[in-house]
$ cat structure25.txt   # compact mmCIF, C-alpha atoms
# COMPACT_ATOMS: atom_id res chain seq x y z
CA MET M 1 0.00 0.00 0.00
CA ASN M 2 1.44 3.36 -1.05
CA VAL M 3 0.89 6.42 1.15
CA ASN M 4 1.77 10.10 0.94
CA LYS M 5 2.14 11.99 4.21
CA GLN M 6 3.14 15.57 4.83
CA ALA M 7 5.62 17.15 7.18
CA GLY M 8 7.97 20.13 6.95
CA VAL M 9 11.38 21.73 6.80
CA ASP M 10 13.04 21.78 10.19
CA GLN M 11 16.19 23.81 10.14
CA THR M 12 19.18 24.83 8.13
CA LEU M 13 22.39 23.31 9.41
CA ILE M 14 25.98 24.23 9.99
CA LEU M 15 28.28 21.59 8.54
CA ASP M 16 31.02 19.82 10.43
CA GLU M 17 33.40 17.17 9.16
CA ASN M 18 31.12 14.29 10.09
CA GLU M 19 28.14 15.78 8.25
CA LEU M 20 30.26 16.48 5.17
CA GLU M 21 31.57 12.93 5.18
CA LEU M 22 28.02 11.55 5.09
CA ILE M 23 27.12 13.89 2.23
CA ASN M 24 30.18 12.89 0.23
CA ALA M 25 29.16 9.26 0.62
CA MET M 26 26.19 10.20 -1.62
CA SER M 27 28.12 12.21 -4.21
CA ARG M 28 30.43 11.16 -7.04
CA LYS M 29 32.84 14.05 -6.41
CA THR M 30 34.17 15.33 -3.12
CA LEU M 31 32.07 18.30 -2.10
CA THR M 32 33.24 21.11 0.14
CA ALA M 33 31.16 22.87 2.78
CA GLU M 34 30.96 25.94 0.53
CA GLU M 35 29.37 23.90 -2.28
CA VAL M 36 26.42 22.50 -0.34
CA TYR M 37 23.39 23.88 1.47
CA THR M 38 21.94 21.71 4.24
CA PHE M 39 18.69 21.73 6.15
CA ALA M 40 16.54 19.32 8.18
CA VAL M 41 12.97 18.28 7.57
CA ARG M 42 10.36 16.85 9.89
CA LEU M 43 9.16 14.02 7.68
CA CYS M 44 6.40 12.33 9.69
CA ASP M 45 5.35 11.56 13.25
CA ASN M 46 3.14 9.32 15.37
CA GLN M 47 0.16 11.66 15.51
CA VAL M 48 -3.14 10.99 13.75
CA ASP M 49 -3.12 13.14 10.61
CA ARG M 50 -5.78 14.78 8.48
CA ASP M 51 -6.40 11.47 6.69
CA GLY M 52 -7.19 9.67 9.94
CA GLU M 53 -3.93 7.72 9.75
CA ARG M 54 -0.72 7.63 11.73
CA PHE M 55 2.73 6.04 11.82
CA PRO M 56 3.38 4.04 15.00
CA VAL M 57 6.87 4.43 16.45
CA GLU M 58 7.88 1.02 15.07
CA THR M 59 7.02 2.17 11.55
CA LEU M 60 8.95 5.41 12.03
CA GLU M 61 11.98 3.34 13.01
CA GLU M 62 11.64 1.35 9.77
CA LEU M 63 11.24 4.51 7.68
CA ALA M 64 14.33 6.05 9.29
CA ARG M 65 16.47 3.48 7.48
CA LEU M 66 14.50 3.61 4.23
CA PHE M 67 14.60 7.39 3.74
CA VAL M 68 18.40 7.71 3.71
CA GLY M 69 19.41 8.59 0.15
CA LYS M 70 15.89 9.54 -1.00
CA SER M 71 15.36 12.65 -3.14
CA GLY M 72 13.24 15.70 -2.45
CA ILE M 73 10.93 16.83 -5.26
CA PHE M 74 7.88 19.07 -5.83
CA ASP M 75 4.24 17.97 -5.45
CA HIS M 76 5.19 14.30 -5.82
CA GLN M 77 6.05 14.81 -9.51
CA TRP M 78 8.68 12.18 -10.15
CA SER M 79 11.15 13.55 -12.67
CA ALA M 80 14.90 14.04 -12.73
CA GLN M 81 14.39 17.75 -13.32
CA GLY M 82 12.28 18.07 -10.17
CA GLN M 83 14.85 16.53 -7.84
CA THR M 84 16.12 19.29 -5.57
CA ALA M 85 17.77 17.72 -2.52
CA ARG M 86 18.70 14.39 -0.99
CA ILE M 87 18.49 13.02 2.56
CA TYR M 88 21.90 11.89 3.80
CA ARG M 89 20.93 10.84 7.33
CA THR M 90 17.87 10.52 9.57
CA GLU M 91 17.13 10.73 13.27
CA LEU M 92 14.20 9.53 15.35
CA VAL M 93 13.35 12.29 17.83
CA ARG M 94 11.43 11.39 20.98
CA ASP M 95 9.83 14.07 23.13
CA ALA M 96 8.60 12.51 26.35
CA GLY M 97 7.38 15.90 27.55
CA VAL M 98 4.80 16.19 24.75
CA LEU M 99 1.89 13.79 24.38
CA THR M 100 -0.05 13.12 21.20
CA ALA M 101 -3.85 13.28 21.13
CA GLU M 102 -3.74 9.53 21.68
CA GLY M 103 -1.81 10.00 24.93
CA GLU M 104 1.53 8.68 23.67
CA PRO M 105 4.90 10.49 23.88
CA LEU M 106 5.51 12.42 20.66
CA CYS M 107 7.96 10.83 18.27
CA TYR M 108 8.91 12.11 14.82
CA LEU M 109 11.27 11.25 12.00
CA LYS M 110 13.76 13.96 11.15
CA GLY M 111 15.68 13.90 7.89
CA TYR M 112 18.88 15.80 7.16
CA ALA M 113 19.04 16.93 3.52
CA TYR M 114 21.57 18.62 1.29
CA MET M 115 21.47 20.40 -2.05
CA LEU M 116 24.09 22.05 -4.20
CA ARG M 117 24.63 25.80 -4.08
CA THR M 118 24.14 26.31 -7.81
CA GLN M 119 22.78 29.28 -9.71
CA SER M 120 19.56 27.41 -10.40
CA ASN M 121 19.06 26.58 -6.69
CA GLN M 122 19.54 30.11 -5.34
CA ASP M 123 15.83 30.96 -5.42
CA LEU M 124 14.84 27.70 -3.72
CA ILE M 125 17.44 28.21 -0.99
CA ALA M 126 16.14 31.74 -0.44
CA GLU M 127 12.55 30.42 -0.21
CA ILE M 128 13.58 27.79 2.36
CA GLU M 129 15.46 30.39 4.41
CA GLY M 130 12.50 32.77 4.16
CA GLY M 131 9.96 30.14 5.24
CA ILE M 132 8.14 30.07 1.86
CA LYS M 133 9.08 26.49 1.07
CA ARG M 134 8.28 24.82 4.35
CA GLU M 135 5.72 21.98 4.25
CA VAL M 136 6.79 18.60 2.96
CA SER M 137 5.08 15.29 2.29
CA VAL M 138 6.52 11.79 2.22
CA GLY M 139 5.79 8.99 -0.23
CA CYS M 140 6.25 5.48 1.12
CA ALA M 141 4.80 1.98 1.11
CA VAL M 142 3.45 -0.02 4.04
CA ALA M 143 2.16 -3.56 4.25
CA GLN M 144 -0.89 -2.92 6.40
CA SER M 145 -3.36 -0.24 7.40
CA ARG M 146 -4.52 -1.51 10.78
CA CYS M 147 -7.71 -0.35 12.51
CA SER M 148 -7.14 1.16 15.96
CA ILE M 149 -10.45 -0.30 17.20
CA CYS M 150 -10.34 -3.93 16.11
CA GLY M 151 -6.79 -4.37 14.85
CA GLU M 152 -7.90 -5.70 11.44
CA ASN M 153 -7.05 -4.30 8.01
CA ILE M 154 -9.27 -1.23 7.87
CA ARG M 155 -9.56 -1.55 4.09
CA ASP M 156 -11.04 -5.04 4.36
CA LYS M 157 -14.66 -4.27 5.22
CA SER M 158 -15.48 -7.95 5.49
CA ARG M 159 -13.30 -8.03 8.60
CA CYS M 160 -13.36 -4.40 9.81
CA PRO M 161 -16.65 -2.46 10.01
CA HIS M 162 -15.08 0.72 11.40
CA GLU M 163 -14.49 4.06 9.67
CA LYS M 164 -11.56 6.42 10.21
CA GLY M 165 -12.51 9.56 12.10
CA MET M 166 -15.54 7.99 13.75
CA THR M 167 -15.84 7.38 17.50
CA TYR M 168 -16.80 3.99 18.89
CA ASP M 169 -17.63 3.70 22.61
CA GLY M 170 -15.74 6.93 23.20
CA LYS M 171 -12.62 5.84 21.27
CA LEU M 172 -11.51 7.50 18.04
CA CYS M 173 -10.90 5.25 15.07
CA TRP M 174 -7.78 5.71 12.97
CA ALA M 175 -5.56 3.54 10.80
CA ASP M 176 -2.07 2.57 11.96
CA LEU M 177 0.30 2.32 8.98
CA VAL M 178 2.52 -0.62 9.85
CA GLU M 179 5.37 -2.64 8.32
CA ALA M 180 7.06 -0.06 6.10
CA THR M 181 8.42 -1.74 2.97
CA ASP M 182 9.80 1.21 0.98
CA ALA M 183 10.31 4.97 0.99
CA TYR M 184 10.02 6.66 -2.40
CA GLU M 185 10.61 10.36 -1.90
CA TRP M 186 9.74 13.47 0.08
CA SER M 187 8.15 16.45 -1.58
CA PHE M 188 7.51 20.14 -1.00
CA VAL M 189 3.73 20.61 -0.95
CA ALA M 190 1.19 23.32 -0.16
CA VAL M 191 -0.90 21.55 2.51
CA PRO M 192 0.57 18.65 4.48
CA ALA M 193 -1.55 15.80 5.82
CA GLN M 194 0.52 15.84 9.00
CA LYS M 195 0.07 19.26 10.57
CA GLU M 196 3.55 19.52 12.07
CA ALA M 197 5.48 18.21 9.08
CA GLY M 198 7.79 20.59 7.31
CA VAL M 199 11.03 22.52 7.22
CA MET M 200 11.99 23.22 10.79
CA LYS M 201 13.35 26.39 12.31
CA SER M 202 16.74 27.50 11.06
CA MET M 203 19.59 26.08 13.10
CA ARG M 204 21.82 28.77 11.68
CA GLN M 205 19.56 31.39 13.26
CA ASP M 206 19.54 29.41 16.49
CA MET M 207 23.31 29.18 16.48
CA GLU M 208 23.68 32.90 15.79
CA GLN M 209 21.35 33.69 18.69
CA LEU M 210 23.25 31.32 20.97
CA GLU M 211 26.52 32.90 19.91
CA ARG M 212 25.19 36.38 20.68
CA GLU M 213 24.04 35.21 24.09
CA ALA M 214 27.37 33.49 24.68
CA GLU M 215 29.24 36.67 23.77
CA LEU M 216 27.14 38.65 26.25
CA GLY M 217 27.90 36.01 28.86
CA ARG M 218 31.62 36.22 28.17
CA LYS M 219 31.55 40.01 28.47
CA TYR M 220 29.66 39.82 31.77
CA LEU M 221 32.07 37.21 33.13
CA GLN M 222 35.09 39.32 32.18
CA LYS M 223 33.61 42.40 33.85
CA LEU M 224 32.95 40.32 36.95
CA LYS M 225 36.57 39.11 36.99
CA ASP M 226 37.85 42.67 36.54
CA GLU M 227 35.67 43.84 39.43
CA VAL M 228 36.97 41.06 41.68
CA VAL M 229 40.56 42.05 40.86
CA ARG M 230 39.82 45.73 41.48
CA LEU M 231 38.11 45.13 44.82
CA GLY M 232 40.78 42.64 45.86
CA GLY M 233 43.38 45.33 45.38
CA LEU M 234 41.47 47.66 47.70
CA THR M 235 41.09 45.19 50.54
CA GLU M 236 44.65 45.71 51.80
CA LEU M 237 45.12 41.95 52.00
CA GLY M 238 48.50 42.24 50.36
CA LEU M 239 47.55 40.35 47.18
CA GLU M 240 49.31 41.37 43.99
CA ARG M 241 47.24 42.15 40.89
CA ASP M 242 48.72 39.20 38.99
CA THR M 243 47.76 36.88 41.83
CA LEU M 244 44.20 38.23 41.92
CA THR M 245 43.92 37.94 38.14
CA ALA M 246 45.06 34.30 38.25
CA ILE M 247 42.58 33.50 41.02
CA ALA M 248 39.68 35.15 39.21
CA GLY M 249 40.60 33.43 35.95
CA ARG M 250 40.06 29.99 37.50
CA LEU M 251 36.64 30.73 39.00
CA GLU M 252 33.17 30.41 37.53
CA GLU M 253 30.34 32.94 37.87
CA PRO M 254 28.90 31.74 41.24
CA GLU M 255 32.34 31.72 42.92
CA LEU M 256 33.20 35.08 41.38
CA GLU M 257 29.97 36.59 42.68
CA GLY M 258 30.69 35.26 46.16
CA LEU M 259 34.27 36.56 46.14
CA ARG M 260 33.17 39.94 44.80
CA ALA M 261 30.61 40.28 47.61
CA ALA M 262 33.23 39.29 50.22
CA PHE M 263 35.76 41.77 48.86
CA GLN M 264 33.09 44.49 48.74
CA ARG M 265 32.28 43.95 52.43
CA GLN M 266 35.98 44.12 53.28
CA VAL M 267 36.41 47.35 51.28
CA ASP M 268 33.35 48.92 52.88
CA LYS M 269 34.73 48.07 56.30
CA ALA M 270 38.23 49.36 55.56
CA TRP M 271 37.32 52.44 53.55
CA GLY M 272 33.86 53.34 54.76
CA MET M 273 33.40 57.08 55.55
CA GLU M 274 32.73 58.13 59.16
CA THR M 275 29.91 60.63 59.42
CA GLN M 276 30.57 63.99 61.11
CA LEU M 277 27.68 63.44 63.48
CA LYS M 278 29.13 60.16 64.68
CA ALA M 279 32.56 61.72 65.15
CA SER M 280 31.15 64.54 67.33
CA GLU M 281 29.10 62.41 69.69
CA GLY M 282 29.56 63.38 73.37
CA LEU M 283 30.43 67.03 72.58
CA GLU M 284 28.44 69.98 73.78
CA LEU M 285 25.78 71.31 71.42
CA GLU M 286 27.83 74.36 70.43
CA GLN M 287 30.92 72.24 69.79
CA ARG M 288 28.93 69.71 67.72
CA ASP M 289 27.49 72.48 65.58
CA ARG M 290 30.98 73.72 64.77
CA ALA M 291 31.66 70.43 63.02
CA PHE M 292 29.27 71.52 60.28
CA LEU M 293 30.70 75.01 59.83
CA ILE M 294 32.66 75.74 56.66

$ encode --input "structure25.txt" --output "structure tokens"
Amino acid sequence: MNVNKQAGVDQTLILDENELELINAMSRKTLTAEEVYTFAVRLCDNQVDRDGERFPVETLEELARLFVGKSGIFDHQWSAQGQTARIYRTELVRDAGVLTAEGEPLCYLKGYAYMLRTQSNQDLIAEIEGGIKREVSVGCAVAQSRCSICGENIRDKSRCPHEKGMTYDGKLCWADLVEATDAYEWSFVAVPAQKEAGVMKSMRQDMEQLEREAELGRKYLQKLKDEVVRLGGLTELGLERDTLTAIAGRLEEPELEGLRAAFQRQVDKAWGMETQLKASEGLELEQRDRAFLI
């Protein structure tokens, strides 16, 4: 039984040597990181889709192996001209913190795809980056379409009287697509059957945001170290600046904060200003007043 299911683009990727090695296993020539554009797609998951069907986790595990090396096309039009990208590895993602409508932990198949940075692909790459080309659909074959109510082949009405989308004794009926036998392709489409399928959020954007946050963290940590060294020099503990710098350089943020607070208390105690009123306690009124005369 052949099925088409939709998903979506997940994220653009930043290549490392391991990723590039997997890509080059697909190509006839050795490609460099500058020659390829990579992104990830959420191919399919274990939620009931718009067709009243779903992939159980076991089927997703089977599809994970079958989709490696499969081409991405447009609207399931199988032609060499329409091939745009190829999946070079897959990953089964489990999210125990999110439950499907059926009460199971969410699980989805993620495919990592690459395409060449050619003149003809520039517009498609821009559309993926801009979120225009996002939803994808998968084409695959399964051996059975099993009824969630009775467990029989839902297409065999002599054995299964149930209909997808109907409720029986308070339980929704859907078809479990089991025993994956082949994966044909994945395709950019307008409306996916699986609501969450598609190109996922850009990892490059995520990495840039993380780098910005990391840079802010590094700046804060350096300022904290400088403050510890400055206050340590004011404590009159006899510590040289180089010694303080070496100490601060080995500490993390919580220890630095604690040392800064300790040094600040020591500085306040050693260098705190005595008020004129406190200094003139015990004097006669006229003498105390003179303390405020300029």

$ closest_residue --input "structure25.txt" --among "M:Glu35, M:Glu21, M:Asp268, M:Glu240" --to "Gln119 of chain M" --atoms "all atoms listed in the file"
M:Glu35

$ residues_around --input "structure25.txt" --residues "segment 61-70 of chain M" --least-positions-apart "6" --cutoff "8 Å" --atoms "only C-alpha atoms" --output "list in words"
Met26, Arg86, Ile87, Tyr88, Arg89, Thr90, Glu91, Leu92, Leu109, Gly111, Glu179, Ala180, Asp182, Ala183, Tyr184, Glu185 and Trp186 of chain M

$ atom_distance --input "structure25.txt" --atom1 "atom CA of Cys160 of chain M" --atom2 "atom CA of Asp176 of chain M"
13.4 Å

$ axis_aligned_box --input "structure25.txt" --around "segment 20-36 of chain M" --padding-each-side "5 Å" --output "AutoDock Vina command-line options"
--center_x 30.2 --center_y 17.6 --center_z -0.9 --size_x 18.0 --size_y 26.7 --size_z 22.2

$ closest_residue --input "structure25.txt" --among "M:Thr235, M:Ser148, M:Gln222, M:Asn153" --to "Glu257 of chain M" --atoms "all atoms listed in the file"
M:Gln222

$ closest_residue --input "structure25.txt" --among "M:Thr167, M:Asn24, M:Ser71, M:Asn46" --to "Glu104 of chain M" --atoms "only C-alpha atoms"
M:Asn46

$ atom_distance --input "structure25.txt" --atom1 "atom CA of Tyr220 of chain M" --atom2 "atom CA of Leu256 of chain M"
11.3 Å

$ atom_distance --input "structure25.txt" --atom1 "atom CA of Tyr112 of chain M" --atom2 "atom CA of Ser137 of chain M"
14.6 Å

$ residues_around --input "structure25.txt" --residues "Ile125 of chain M" --least-positions-apart "6" --cutoff "9 Å" --atoms "all atoms listed in the file" --output "VMD selection string"
chain M and resid 37 115 117 133

$ write_last_selection --input "structure25.txt" --atoms "C-alpha atoms" --output "mmCIF file, in the frame of the given file"
data_model
loop_
_atom_site.group_PDB
_atom_site.id
_atom_site.type_symbol
_atom_site.label_atom_id
_atom_site.label_comp_id
_atom_site.auth_asym_id
_atom_site.auth_seq_id
_atom_site.Cartn_x
_atom_site.Cartn_y
_atom_site.Cartn_z
ATOM 1 C CA TYR M 37 23.390 23.880 1.470
ATOM 2 C CA MET M 115 21.470 20.400 -2.050
ATOM 3 C CA ARG M 117 24.630 25.800 -4.080
ATOM 4 C CA LYS M 133 9.080 26.490 1.070
#

$ closest_residue --input "structure25.txt" --among "M:Arg94, M:Arg260, M:Arg134, M:Arg42" --to "Phe188 of chain M" --atoms "all atoms listed in the file"
M:Arg134

$ closest_residue --input "structure25.txt" --among "M:Leu259, M:Leu177, M:Ala96, M:Ala126" --to "Asp49 of chain M" --atoms "all atoms listed in the file"
M:Leu177

$ closest_residue --input "structure25.txt" --among "M:Lys171, M:Thr181, M:Arg159, M:Ser120" --to "Leu60 of chain M" --atoms "all atoms listed in the file"
M:Thr181
